[in-house]
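A.B. asks: Just so it is clear, I am handing over coords.csv, which has CSV, C-alpha atoms and all ligand atoms.
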```csv
chain,number,residue,atom,x,y,z
A,21,MET,CA,0.0,0.0,0.0
A,22,ASN,CA,1.0,3.6,-0.6
A,23,ARG,CA,4.1,2.7,-2.6
A,24,LEU,CA,5.8,5.2,-4.9
A,25,ASP,CA,8.3,2.9,-6.5
A,26,GLY,CA,9.9,4.5,-9.6
A,27,LYS,CA,8.0,7.8,-9.1
A,28,VAL,CA,9.7,11.3,-9.1
A,29,ALA,CA,8.3,14.0,-6.8
A,30,LEU,CA,9.0,17.7,-6.4
A,31,ILE,CA,8.0,19.1,-3.0
A,32,SER,CA,8.1,22.9,-2.3
A,33,GLY,CA,9.0,24.1,1.1
A,34,ALA,CA,10.5,20.7,2.0
A,35,ALA,CA,13.6,21.8,3.9
A,36,ARG,CA,11.7,21.2,7.2
A,37,GLY,CA,8.3,20.5,8.7
A,38,ILE,CA,5.6,18.7,6.9
A,39,GLY,CA,7.4,19.0,3.5
A,40,GLY,CA,10.6,17.6,5.0
A,41,GLU,CA,8.8,14.6,6.6
A,42,THR,CA,6.9,14.0,3.3
A,43,ALA,CA,10.3,13.9,1.4
A,44,ARG,CA,11.5,11.3,3.9
A,45,LEU,CA,8.4,9.2,3.7
A,46,MET,CA,8.4,9.4,-0.1
A,47,VAL,CA,12.0,8.2,-0.3
A,48,GLU,CA,11.1,5.4,2.1
A,49,SER,CA,8.2,4.5,-0.2
A,50,GLY,CA,10.5,4.2,-3.2
A,51,ALA,CA,10.4,7.6,-4.9
A,52,ASN,CA,13.1,10.0,-5.9
A,53,VAL,CA,12.5,13.4,-4.4
A,54,VAL,CA,13.5,17.0,-5.2
A,55,ILE,CA,13.3,19.3,-2.2
A,56,GLY,CA,12.7,22.9,-3.1
A,57,ASP,CA,13.0,25.7,-0.5
A,58,VAL,CA,14.6,29.0,0.3
A,59,LEU,CA,16.3,27.7,3.4
A,60,ASP,CA,19.4,26.4,1.5
A,61,GLU,CA,21.4,25.1,4.4
A,62,ARG,CA,18.5,23.2,6.0
A,63,GLY,CA,17.3,22.0,2.6
A,64,ARG,CA,20.8,20.5,1.8
A,65,GLU,CA,21.0,18.9,5.1
A,66,THR,CA,17.5,17.3,4.7
A,67,ALA,CA,18.4,16.0,1.3
A,68,ARG,CA,21.8,14.7,2.5
A,69,THR,CA,20.1,12.5,5.2
A,70,LEU,CA,18.0,10.9,2.4
A,71,GLY,CA,21.0,9.9,0.2
A,72,ASP,CA,21.0,9.7,-3.6
A,73,ALA,CA,17.2,9.5,-3.9
A,74,ALA,CA,16.9,13.2,-2.8
A,75,LEU,CA,18.2,16.4,-4.3
A,76,TYR,CA,18.0,19.9,-2.8
A,77,LEU,CA,17.4,22.8,-5.2
A,78,ARG,CA,16.7,26.5,-4.3
A,79,LEU,CA,13.1,27.3,-5.2
A,80,ASP,CA,11.4,30.5,-4.2
A,81,VAL,CA,7.8,29.5,-5.2
A,82,THR,CA,7.0,33.1,-6.1
A,83,SER,CA,9.6,33.1,-8.9
A,84,GLU,CA,8.8,31.8,-12.3
A,85,ALA,CA,12.5,31.6,-13.2
A,86,ASP,CA,13.1,29.4,-10.1
A,87,TRP,CA,10.3,27.0,-11.0
A,88,GLN,CA,11.5,26.7,-14.6
A,89,ALA,CA,15.1,26.0,-13.4
A,90,VAL,CA,14.0,23.5,-10.8
A,91,ILE,CA,11.8,21.6,-13.1
A,92,ALA,CA,14.5,21.4,-15.8
A,93,ALA,CA,17.0,20.2,-13.2
A,94,THR,CA,14.5,17.6,-12.0
A,95,LEU,CA,14.1,16.2,-15.5
A,96,ASP,CA,17.9,16.3,-15.9
A,97,ARG,CA,18.6,14.4,-12.7
A,98,PHE,CA,15.6,12.0,-12.5
A,99,GLY,CA,14.2,12.0,-16.1
A,100,LYS,CA,10.6,12.9,-15.3
A,101,LEU,CA,8.1,14.4,-12.9
A,102,ASP,CA,5.2,12.4,-11.6
A,103,ILE,CA,4.2,14.2,-8.4
A,104,LEU,CA,4.1,17.8,-7.4
A,105,VAL,CA,3.4,18.8,-3.8
A,106,ASN,CA,2.7,22.5,-3.4
A,107,ASN,CA,3.6,22.6,0.3
A,108,ALA,CA,5.5,25.9,0.8
A,109,GLY,CA,3.5,28.3,2.9
A,110,LEU,CA,3.5,31.2,5.3
A,111,PHE,CA,1.4,32.0,8.4
A,112,LEU,CA,0.9,35.6,9.4
A,113,GLY,CA,-0.7,35.5,12.8
A,114,LYS,CA,-2.3,38.9,12.7
A,115,ASP,CA,-5.9,40.0,12.7
A,116,ILE,CA,-7.4,42.2,10.0
A,117,GLU,CA,-6.8,45.4,11.9
A,118,ALA,CA,-3.2,44.7,12.5
A,119,ALA,CA,-2.2,43.3,9.1
A,120,SER,CA,-0.7,45.6,6.5
A,121,ARG,CA,-1.1,45.5,2.8
A,122,ALA,CA,2.6,44.6,2.4
A,123,GLU,CA,2.1,41.6,4.7
A,124,TRP,CA,-1.0,40.4,2.7
A,125,GLU,CA,1.0,40.7,-0.5
A,126,ARG,CA,3.9,38.6,0.8
A,127,LEU,CA,1.5,36.0,2.3
A,128,SER,CA,-0.7,35.7,-0.8
A,129,SER,CA,2.4,35.6,-3.2
A,130,VAL,CA,3.7,32.5,-1.4
A,131,ASN,CA,0.4,30.8,-0.5
A,132,LEU,CA,-1.6,31.5,-3.6
A,133,THR,CA,0.7,32.7,-6.5
A,134,GLY,CA,3.2,30.0,-5.5
A,135,VAL,CA,0.6,27.3,-5.9
A,136,PHE,CA,-0.6,28.7,-9.3
A,137,LEU,CA,3.0,29.0,-10.6
A,138,GLY,CA,3.9,25.5,-9.4
A,139,THR,CA,0.8,24.0,-11.0
A,140,LYS,CA,1.2,25.9,-14.3
A,141,LEU,CA,4.9,25.4,-14.8
A,142,SER,CA,5.0,21.7,-13.8
A,143,LEU,CA,2.1,20.9,-16.1
A,144,PRO,CA,4.1,19.9,-19.2
A,145,ALA,CA,6.3,17.5,-17.3
A,146,LEU,CA,3.4,16.1,-15.3
A,147,ARG,CA,1.5,15.5,-18.6
A,148,ASP,CA,4.4,13.8,-20.2
A,149,ALA,CA,4.9,11.5,-17.2
A,150,ALA,CA,1.1,10.7,-17.1
A,151,GLN,CA,1.4,9.2,-20.5
A,152,GLN,CA,3.8,6.6,-19.3
A,153,SER,CA,2.0,5.8,-16.1
A,154,ALA,CA,-1.0,3.5,-15.4
A,155,CYS,CA,-2.7,5.9,-13.0
A,156,GLY,CA,-1.4,9.2,-14.3
A,157,SER,CA,0.3,12.0,-12.5
A,158,VAL,CA,-0.6,13.8,-9.2
A,159,ILE,CA,-0.6,17.2,-7.6
A,160,VAL,CA,-1.2,17.5,-3.8
A,161,ASN,CA,-1.8,21.0,-2.5
A,162,LEU,CA,-1.3,21.9,1.2
A,163,ALA,CA,-4.4,23.8,2.3
A,164,SER,CA,-5.5,23.7,6.0
A,165,THR,CA,-8.5,23.4,8.2
A,166,ALA,CA,-8.3,27.2,7.9
A,167,GLY,CA,-9.2,26.6,4.2
A,168,LEU,CA,-12.5,24.8,5.3
A,169,VAL,CA,-13.7,26.9,8.2
A,170,GLY,CA,-12.8,30.4,9.4
A,171,SER,CA,-9.5,30.8,11.4
A,172,THR,CA,-9.9,32.4,14.8
A,173,GLN,CA,-6.4,33.7,14.6
A,174,ASP,CA,-5.5,34.6,11.0
A,175,PRO,CA,-8.2,35.7,8.6
A,176,LEU,CA,-5.7,36.5,5.8
A,177,TYR,CA,-4.1,33.0,6.1
A,178,SER,CA,-7.6,31.5,6.0
A,179,MET,CA,-8.4,33.5,2.8
A,180,THR,CA,-5.3,32.1,1.1
A,181,LYS,CA,-6.1,28.5,2.2
A,182,GLY,CA,-9.7,28.8,1.2
A,183,GLY,CA,-8.4,29.8,-2.2
A,184,VAL,CA,-6.1,26.7,-2.4
A,185,THR,CA,-9.1,24.5,-1.5
A,186,LEU,CA,-11.2,25.7,-4.4
A,187,PHE,CA,-8.2,26.1,-6.8
A,188,THR,CA,-7.5,22.4,-6.2
A,189,LYS,CA,-11.1,21.4,-7.2
A,190,SER,CA,-11.1,23.7,-10.2
A,191,ALA,CA,-7.7,22.4,-11.4
A,192,ALA,CA,-8.9,18.8,-11.0
A,193,LEU,CA,-11.9,19.6,-13.2
A,194,GLU,CA,-9.9,21.4,-15.8
A,195,PHE,CA,-7.2,18.7,-16.2
A,196,ALA,CA,-9.9,16.0,-16.3
A,197,ARG,CA,-11.9,17.9,-18.9
A,198,LYS,CA,-8.7,18.2,-21.0
A,199,GLY,CA,-7.9,14.5,-20.6
A,200,TYR,CA,-4.5,15.2,-19.0
A,201,ARG,CA,-4.7,12.3,-16.5
A,202,ILE,CA,-3.5,14.4,-13.6
A,203,ARG,CA,-5.3,14.0,-10.3
A,204,VAL,CA,-5.3,17.1,-8.0
A,205,ASN,CA,-6.2,16.8,-4.3
A,206,SER,CA,-5.7,18.9,-1.2
A,207,ALA,CA,-4.6,18.0,2.3
A,208,HIS,CA,-6.0,19.9,5.3
A,209,PRO,CA,-3.9,19.6,8.4
A,210,GLY,CA,-5.1,20.9,11.8
A,211,THR,CA,-2.5,22.3,14.2
A,212,ILE,CA,0.7,20.5,13.6
A,213,ASP,CA,3.9,20.5,15.7
A,214,THR,CA,6.3,22.3,13.3
A,215,ASP,CA,7.9,25.8,13.2
A,216,MET,CA,4.6,27.1,11.7
A,217,GLY,CA,2.7,25.2,14.4
A,218,ASP,CA,4.8,27.2,17.0
A,219,GLN,CA,3.9,30.4,15.2
A,220,VAL,CA,0.2,29.4,15.6
A,221,LEU,CA,0.7,28.8,19.3
A,222,VAL,CA,2.5,32.2,19.8
A,223,THR,CA,-0.5,33.9,18.2
A,224,GLY,CA,-2.9,31.9,20.3
A,225,ALA,CA,-1.0,32.8,23.5
A,226,ARG,CA,-1.0,36.5,22.5
A,227,ASN,CA,-4.8,36.4,22.0
A,228,LEU,CA,-5.1,34.8,25.4
A,229,GLY,CA,-3.1,37.6,26.9
A,230,THR,CA,0.0,35.6,27.8
A,231,ASN,CA,3.5,34.9,26.5
A,232,ASP,CA,3.4,31.3,27.5
A,233,ILE,CA,2.8,29.1,24.5
A,234,GLU,CA,2.2,26.1,26.8
A,235,VAL,CA,-1.1,27.8,27.8
A,236,ALA,CA,-2.1,28.0,24.1
A,237,ARG,CA,-0.9,24.4,23.5
A,238,ARG,CA,-3.1,23.2,26.3
A,239,GLN,CA,-6.1,25.1,24.9
A,240,VAL,CA,-5.5,23.6,21.4
A,241,ILE,CA,-5.2,20.1,22.8
A,242,ASP,CA,-8.3,20.5,25.1
A,243,ARG,CA,-10.4,21.3,22.0
A,244,LEU,CA,-9.0,18.3,19.9
A,245,PRO,CA,-11.2,15.2,20.0
A,246,ILE,CA,-8.1,13.0,19.5
A,247,GLY,CA,-6.4,14.8,22.4
A,248,ARG,CA,-3.1,15.7,21.0
A,249,MET,CA,-1.5,18.0,18.4
A,250,GLY,CA,-0.7,16.4,15.0
A,251,THR,CA,2.8,15.6,13.8
A,252,SER,CA,4.4,16.1,10.4
A,253,ASN,CA,4.3,12.3,10.0
A,254,ASP,CA,0.5,12.3,10.5
A,255,ILE,CA,0.2,14.7,7.5
A,256,ALA,CA,3.0,13.1,5.4
A,257,LYS,CA,1.2,9.8,5.5
A,258,GLY,CA,-1.9,11.4,4.0
A,259,ILE,CA,0.1,13.1,1.3
A,260,VAL,CA,1.9,9.9,0.3
A,261,PHE,CA,-1.5,8.2,0.1
A,262,LEU,CA,-2.9,10.9,-2.2
A,263,ALA,CA,0.3,10.7,-4.3
A,264,SER,CA,0.1,6.9,-4.6
A,265,ASP,CA,-1.9,4.8,-7.0
A,266,ASP,CA,-4.1,3.7,-4.0
A,267,ALA,CA,-5.8,7.1,-4.4
A,268,ALA,CA,-6.3,6.5,-8.2
A,269,PHE,CA,-10.1,7.3,-7.9
A,270,MET,CA,-9.6,10.5,-6.0
A,271,THR,CA,-9.4,13.9,-7.7
A,272,GLY,CA,-10.7,17.3,-6.5
A,273,SER,CA,-11.1,16.0,-3.0
A,274,ALA,CA,-10.0,17.3,0.3
A,275,LEU,CA,-8.2,15.0,2.8
A,276,VAL,CA,-8.8,16.3,6.3
A,277,VAL,CA,-6.1,15.2,8.8
A,278,ASP,CA,-7.0,17.4,11.9
A,279,GLY,CA,-7.6,15.2,15.0
A,280,GLY,CA,-11.3,15.8,14.6
A,281,ILE,CA,-11.3,19.6,15.1
A,282,THR,CA,-13.5,20.5,12.2
A,283,ALA,CA,-16.0,17.6,13.0
A,284,GLN,CA,-17.5,19.7,15.8
A,301,LIG,N1,1.8,23.4,10.9
A,301,LIG,C1,0.5,23.6,10.9
A,301,LIG,O1,-0.1,23.7,11.9
A,301,LIG,C2,-0.2,23.6,9.5
A,301,LIG,C3,-1.6,23.5,9.6
A,301,LIG,C4,-2.3,23.6,8.4
A,301,LIG,C5,-1.6,23.7,7.2
A,301,LIG,N2,-0.3,23.8,7.1
A,301,LIG,C6,0.4,24.0,5.8
A,301,LIG,O2,1.3,23.0,5.6
A,301,LIG,C7,2.4,23.5,4.8
A,301,LIG,C8,3.7,23.2,5.5
A,301,LIG,O3,3.7,23.9,6.8
A,301,LIG,P1,4.7,23.5,8.0
A,301,LIG,O4,4.0,23.4,9.2
A,301,LIG,O5,5.6,22.4,7.6
A,301,LIG,O6,5.5,24.9,8.0
A,301,LIG,P2,7.1,25.3,8.1
A,301,LIG,O7,7.1,26.7,8.4
A,301,LIG,O8,7.7,24.4,9.1
A,301,LIG,O9,7.6,24.9,6.7
A,301,LIG,C9,7.3,25.7,5.5
A,301,LIG,C10,8.4,25.7,4.6
A,301,LIG,O10,8.1,26.5,3.5
A,301,LIG,C11,9.2,27.2,3.1
A,301,LIG,N3,8.9,28.4,2.4
A,301,LIG,C12,8.4,29.6,2.8
A,301,LIG,N4,8.4,30.5,1.9
A,301,LIG,C13,8.9,29.9,0.7
A,301,LIG,C14,9.0,30.3,-0.6
A,301,LIG,N5,8.8,31.6,-1.0
A,301,LIG,N6,9.5,29.4,-1.5
A,301,LIG,C15,9.8,28.2,-1.1
A,301,LIG,N7,9.7,27.7,0.2
A,301,LIG,C16,9.2,28.6,1.1
A,301,LIG,C17,9.9,27.5,4.4
A,301,LIG,O11,11.3,27.9,4.3
A,301,LIG,C18,9.7,26.2,5.2
A,301,LIG,O12,10.8,25.3,4.9
A,301,LIG,C19,2.1,25.0,4.6
A,301,LIG,O13,1.5,25.2,3.4
A,301,LIG,C20,1.1,25.3,5.8
A,301,LIG,O14,0.3,26.4,5.5
A,301,LIG,C21,0.5,23.8,8.3
```
Kindly present the structure from the file in structure tokens form.
Ligand SMILES: NC(=O)c1ccc[n+]([C@@H]2O[C@H](COP(=O)([O-])OP(=O)(O)OC[C@H]3O[C@@H](n4cnc5c(N)ncnc54)[C@H](O)[C@@H]3O)[C@@H](O)[C@H]2O)c1
C.D. replies:
Amino acid sequence: MNRLDGKVALISGAARGIGGETARLMVESGANVVIGDVLDERGRETARTLGDAALYLRLDVTSEADWQAVIAATLDRFGKLDILVNNAGLFLGKDIEAASRAEWERLSSVNLTGVFLGTKLSLPALRDAAQQSACGSVIVNLASTAGLVGSTQDPLYSMTKGGVTLFTKSAALEFARKGYRIRVNSAHPGTIDTDMGDQVLVTGARNLGTNDIEVARRQVIDRLPIGRMGTSNDIAKGIVFLASDDAAFMTGSALVVDGGITAQ
């Protein structure tokens, strides 16, 4: 189950966190993986621990030139591209009154423009690979529970992730209509223990009037039906499933991995 033998994946924002763990799990599942990020040192280190099956390349998802160079280098090194994971993302942690236009523009250029560019510029390679593959190629977009319900902490982040949720469904429909054989699905993590998860807790603590993120962590956990925060591994398993042929009948769907928070 969930094998990716012989597949080639490109994961944006994979130097650390959910993307880093997805890279590790994909390599373990038999794939070759390109890790794209702006954190060069951390990205190289993540790739080094994964051996020859992984390659780090600098990729600022807001740059068309970076996407073009990374896709060309992926084809050069591994010969094709079967799987794109649009994972790079930013969290702002400010409410509407505090956020500036410049902050919105930075946030939306990574969380929205980055997903559009990745999808558009990977498309020719994904289409080529789909022709050689029994179940076609795959895109997985990292949205969030904040792309399904309103965020109590970060309305601008929620706006970007809501956009990713419906872009995913629209891209799935467009590629199906055109017969490209590319499945497109989104993953929706709840609060996950990563650097971004810490940022969420810092914001939560501030909104509770304290500097102690343990107070915010306790509040998050108390509200979670499963009774713990998620890990990168919880999310990576879902992404690997969506990327594998076991999800061959899924496109335009939203995989919620949130410890039950949006069930209530
Ligand atoms: N951690 C959570 O609680 C949580 C919850 C829901 C959704 N998500 C989503 O999951 C994804 C991964 O989040 P994470 O928790 O691993 O966060 P993280 O901050 O640990 O990792 C995000 C990565 O994206 C990279 N990145 C940022 N800007 C970039 C750019 N312009 N180009 C390329 N890379 C860039 C960062 O350098 C970092 O390595 C994000 O899209 C995030 O919105 C996270």
A.B. asks: Rounded to one decimal place, report the CA of Gly156 (chain A)-CA of Ala263 (chain A) distance in Å.
C.D. replies: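 So the two atoms, CA of Gly156 (chain A) and CA of Ala263 (chain A), lie 10.3 Å apart.
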A.B. asks: Tell me, counting all atoms listed in the file, for each residue of chain A within 8 Å of ligand LIG 301 (chain A), which pair of atoms is nearest and how far apart they are in Å to one decimal, in rows ordered by chain and increasing number, as a tab-separated table.
C.D. replies:
```
residue	atom	partner	partner_atom	distance
A:Ser32	CA	A:LIG301	N7	5.6
A:Gly33	CA	A:LIG301	O10	3.5
A:Ala34	CA	A:LIG301	O12	5.4
A:Ala35	CA	A:LIG301	O12	4.6
A:Arg36	CA	A:LIG301	O12	4.8
A:Gly37	CA	A:LIG301	O5	3.5
A:Ile38	CA	A:LIG301	O5	3.8
A:Gly39	CA	A:LIG301	O5	5.6
A:Gly40	CA	A:LIG301	O5	7.4
A:Gly56	CA	A:LIG301	C15	6.4
A:Asp57	CA	A:LIG301	N7	3.9
A:Val58	CA	A:LIG301	C15	5.1
A:Leu59	CA	A:LIG301	O11	5.1
A:Gly63	CA	A:LIG301	O12	7.6
A:Arg78	CA	A:LIG301	C15	7.8
A:Leu79	CA	A:LIG301	C15	5.3
A:Asp80	CA	A:LIG301	N6	3.5
A:Val81	CA	A:LIG301	N6	4.1
A:Thr82	CA	A:LIG301	N5	5.6
A:Asn106	CA	A:LIG301	O13	7.4
A:Asn107	CA	A:LIG301	O13	4.6
A:Ala108	CA	A:LIG301	O10	3.8
A:Gly109	CA	A:LIG301	O13	3.7
A:Leu110	CA	A:LIG301	C12	5.7
A:Phe111	CA	A:LIG301	O14	6.4
A:Ser129	CA	A:LIG301	N5	7.9
A:Val130	CA	A:LIG301	N5	5.2
A:Asn131	CA	A:LIG301	O13	6.9
A:Gly134	CA	A:LIG301	N5	7.4
A:Asn161	CA	A:LIG301	O13	8.0
A:Leu162	CA	A:LIG301	O13	4.9
A:Ala163	CA	A:LIG301	C5	5.6
A:Ser164	CA	A:LIG301	C4	4.0
A:Thr165	CA	A:LIG301	C4	6.2
A:Ala166	CA	A:LIG301	C4	7.0
A:Tyr177	CA	A:LIG301	O14	8.0
A:Lys181	CA	A:LIG301	O14	7.5
A:His208	CA	A:LIG301	C4	6.1
A:Pro209	CA	A:LIG301	C4	4.3
A:Gly210	CA	A:LIG301	C3	4.9
A:Thr211	CA	A:LIG301	O1	3.6
A:Ile212	CA	A:LIG301	O1	3.7
A:Asp213	CA	A:LIG301	N1	6.0
A:Thr214	CA	A:LIG301	O4	4.8
A:Asp215	CA	A:LIG301	O8	4.3
A:Met216	CA	A:LIG301	O7	4.2
A:Gly217	CA	A:LIG301	N1	4.0
A:Asp218	CA	A:LIG301	N1	7.8
A:Val220	CA	A:LIG301	O1	6.8
A:Gly250	CA	A:LIG301	O1	8.0
A:Ser252	CA	A:LIG301	O5	7.0
```
A.B. asks: Take the residues just selected and output them with C-alpha atoms as an mmCIF file, in the coordinates of the input.
C.D. replies:
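This is the output file part33.cif:
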```cif
data_model
loop_
_atom_site.group_PDB
_atom_site.id
_atom_site.type_symbol
_atom_site.label_atom_id
_atom_site.label_comp_id
_atom_site.auth_asym_id
_atom_site.auth_seq_id
_atom_site.Cartn_x
_atom_site.Cartn_y
_atom_site.Cartn_z
ATOM 1 C CA SER A 32 8.100 22.900 -2.300
ATOM 2 C CA GLY A 33 9.000 24.100 1.100
ATOM 3 C CA ALA A 34 10.500 20.700 2.000
ATOM 4 C CA ALA A 35 13.600 21.800 3.900
ATOM 5 C CA ARG A 36 11.700 21.200 7.200
ATOM 6 C CA GLY A 37 8.300 20.500 8.700
ATOM 7 C CA ILE A 38 5.600 18.700 6.900
ATOM 8 C CA GLY A 39 7.400 19.000 3.500
ATOM 9 C CA GLY A 40 10.600 17.600 5.000
ATOM 10 C CA GLY A 56 12.700 22.900 -3.100
ATOM 11 C CA ASP A 57 13.000 25.700 -0.500
ATOM 12 C CA VAL A 58 14.600 29.000 0.300
ATOM 13 C CA LEU A 59 16.300 27.700 3.400
ATOM 14 C CA GLY A 63 17.300 22.000 2.600
ATOM 15 C CA ARG A 78 16.700 26.500 -4.300
ATOM 16 C CA LEU A 79 13.100 27.300 -5.200
ATOM 17 C CA ASP A 80 11.400 30.500 -4.200
ATOM 18 C CA VAL A 81 7.800 29.500 -5.200
ATOM 19 C CA THR A 82 7.000 33.100 -6.100
ATOM 20 C CA ASN A 106 2.700 22.500 -3.400
ATOM 21 C CA ASN A 107 3.600 22.600 0.300
ATOM 22 C CA ALA A 108 5.500 25.900 0.800
ATOM 23 C CA GLY A 109 3.500 28.300 2.900
ATOM 24 C CA LEU A 110 3.500 31.200 5.300
ATOM 25 C CA PHE A 111 1.400 32.000 8.400
ATOM 26 C CA SER A 129 2.400 35.600 -3.200
ATOM 27 C CA VAL A 130 3.700 32.500 -1.400
ATOM 28 C CA ASN A 131 0.400 30.800 -0.500
ATOM 29 C CA GLY A 134 3.200 30.000 -5.500
ATOM 30 C CA ASN A 161 -1.800 21.000 -2.500
ATOM 31 C CA LEU A 162 -1.300 21.900 1.200
ATOM 32 C CA ALA A 163 -4.400 23.800 2.300
ATOM 33 C CA SER A 164 -5.500 23.700 6.000
ATOM 34 C CA THR A 165 -8.500 23.400 8.200
ATOM 35 C CA ALA A 166 -8.300 27.200 7.900
ATOM 36 C CA TYR A 177 -4.100 33.000 6.100
ATOM 37 C CA LYS A 181 -6.100 28.500 2.200
ATOM 38 C CA HIS A 208 -6.000 19.900 5.300
ATOM 39 C CA PRO A 209 -3.900 19.600 8.400
ATOM 40 C CA GLY A 210 -5.100 20.900 11.800
ATOM 41 C CA THR A 211 -2.500 22.300 14.200
ATOM 42 C CA ILE A 212 0.700 20.500 13.600
ATOM 43 C CA ASP A 213 3.900 20.500 15.700
ATOM 44 C CA THR A 214 6.300 22.300 13.300
ATOM 45 C CA ASP A 215 7.900 25.800 13.200
ATOM 46 C CA MET A 216 4.600 27.100 11.700
ATOM 47 C CA GLY A 217 2.700 25.200 14.400
ATOM 48 C CA ASP A 218 4.800 27.200 17.000
ATOM 49 C CA VAL A 220 0.200 29.400 15.600
ATOM 50 C CA GLY A 250 -0.700 16.400 15.000
ATOM 51 C CA SER A 252 4.400 16.100 10.400
#
```
A.B. asks: Given the point (12.3, 2.3, -5.7) in the coordinates of this file, which residues lie within 6 Å, counting all atoms listed in the file, and how would they look as a list of chain:residue names?
C.D. replies: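 Taken together, the residues in range are A:Asp25, A:Gly26, A:Gly50, A:Ala51.
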A.B. asks: Go ahead and find all residues with at least one atom no further than 8 Å from (-9.1, 23.2, -2.6) in the file's coordinates, using all atoms listed in the file; report them as a PyMOL selection string.
C.D. replies: chain A and resi 161+163+167+181-190+205-206+272-274
A.B. asks: Could the residues in this selection be written to a file with C-alpha atoms, as a JSON list (two decimals), in the coordinates of the input?
C.D. replies:
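So result-v9.json came out as:
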```json
[["chain", "number", "residue", "atom", "x", "y", "z"],
["A", 161, "ASN", "CA", -1.80, 21.00, -2.50],
["A", 163, "ALA", "CA", -4.40, 23.80, 2.30],
["A", 167, "GLY", "CA", -9.20, 26.60, 4.20],
["A", 181, "LYS", "CA", -6.10, 28.50, 2.20],
["A", 182, "GLY", "CA", -9.70, 28.80, 1.20],
["A", 183, "GLY", "CA", -8.40, 29.80, -2.20],
["A", 184, "VAL", "CA", -6.10, 26.70, -2.40],
["A", 185, "THR", "CA", -9.10, 24.50, -1.50],
["A", 186, "LEU", "CA", -11.20, 25.70, -4.40],
["A", 187, "PHE", "CA", -8.20, 26.10, -6.80],
["A", 188, "THR", "CA", -7.50, 22.40, -6.20],
["A", 189, "LYS", "CA", -11.10, 21.40, -7.20],
["A", 190, "SER", "CA", -11.10, 23.70, -10.20],
["A", 205, "ASN", "CA", -6.20, 16.80, -4.30],
["A", 206, "SER", "CA", -5.70, 18.90, -1.20],
["A", 272, "GLY", "CA", -10.70, 17.30, -6.50],
["A", 273, "SER", "CA", -11.10, 16.00, -3.00],
["A", 274, "ALA", "CA", -10.00, 17.30, 0.30]]
```
A.B. asks: Pick the closest to Arg201 (chain A) from A:Gly279, A:Pro245, A:Gly170, A:Pro144: which is it, counting only C-alpha atoms?
C.D. replies: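 Counting only C-alpha atoms, the residue closest to Arg201 (chain A) is A:Pro144.
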A.B. asks: Rank A:Leu112, A:Ala196, A:Ala118, A:Leu132 by their smallest atom-to-atom distance to Gln219 (chain A), using all atoms listed in the file, and report the top residue only.
C.D. replies: A:Leu112
A.B. asks: Give me, please, the distance in Å between CA of Tyr200 (chain A) and CA of Ala73 (chain A), quoted to one decimal.
C.D. replies: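 CA of Ala73 (chain A) lies 27.0 Å from CA of Tyr200 (chain A).
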A.B. asks: Which is closer to Thr223 (chain A) than all the others in A:Thr172, A:Thr282, A:Ser128, A:Ser153, using all atoms listed in the file?
C.D. replies: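 Counting all atoms listed in the file, the residue closest to Thr223 (chain A) is A:Thr172.
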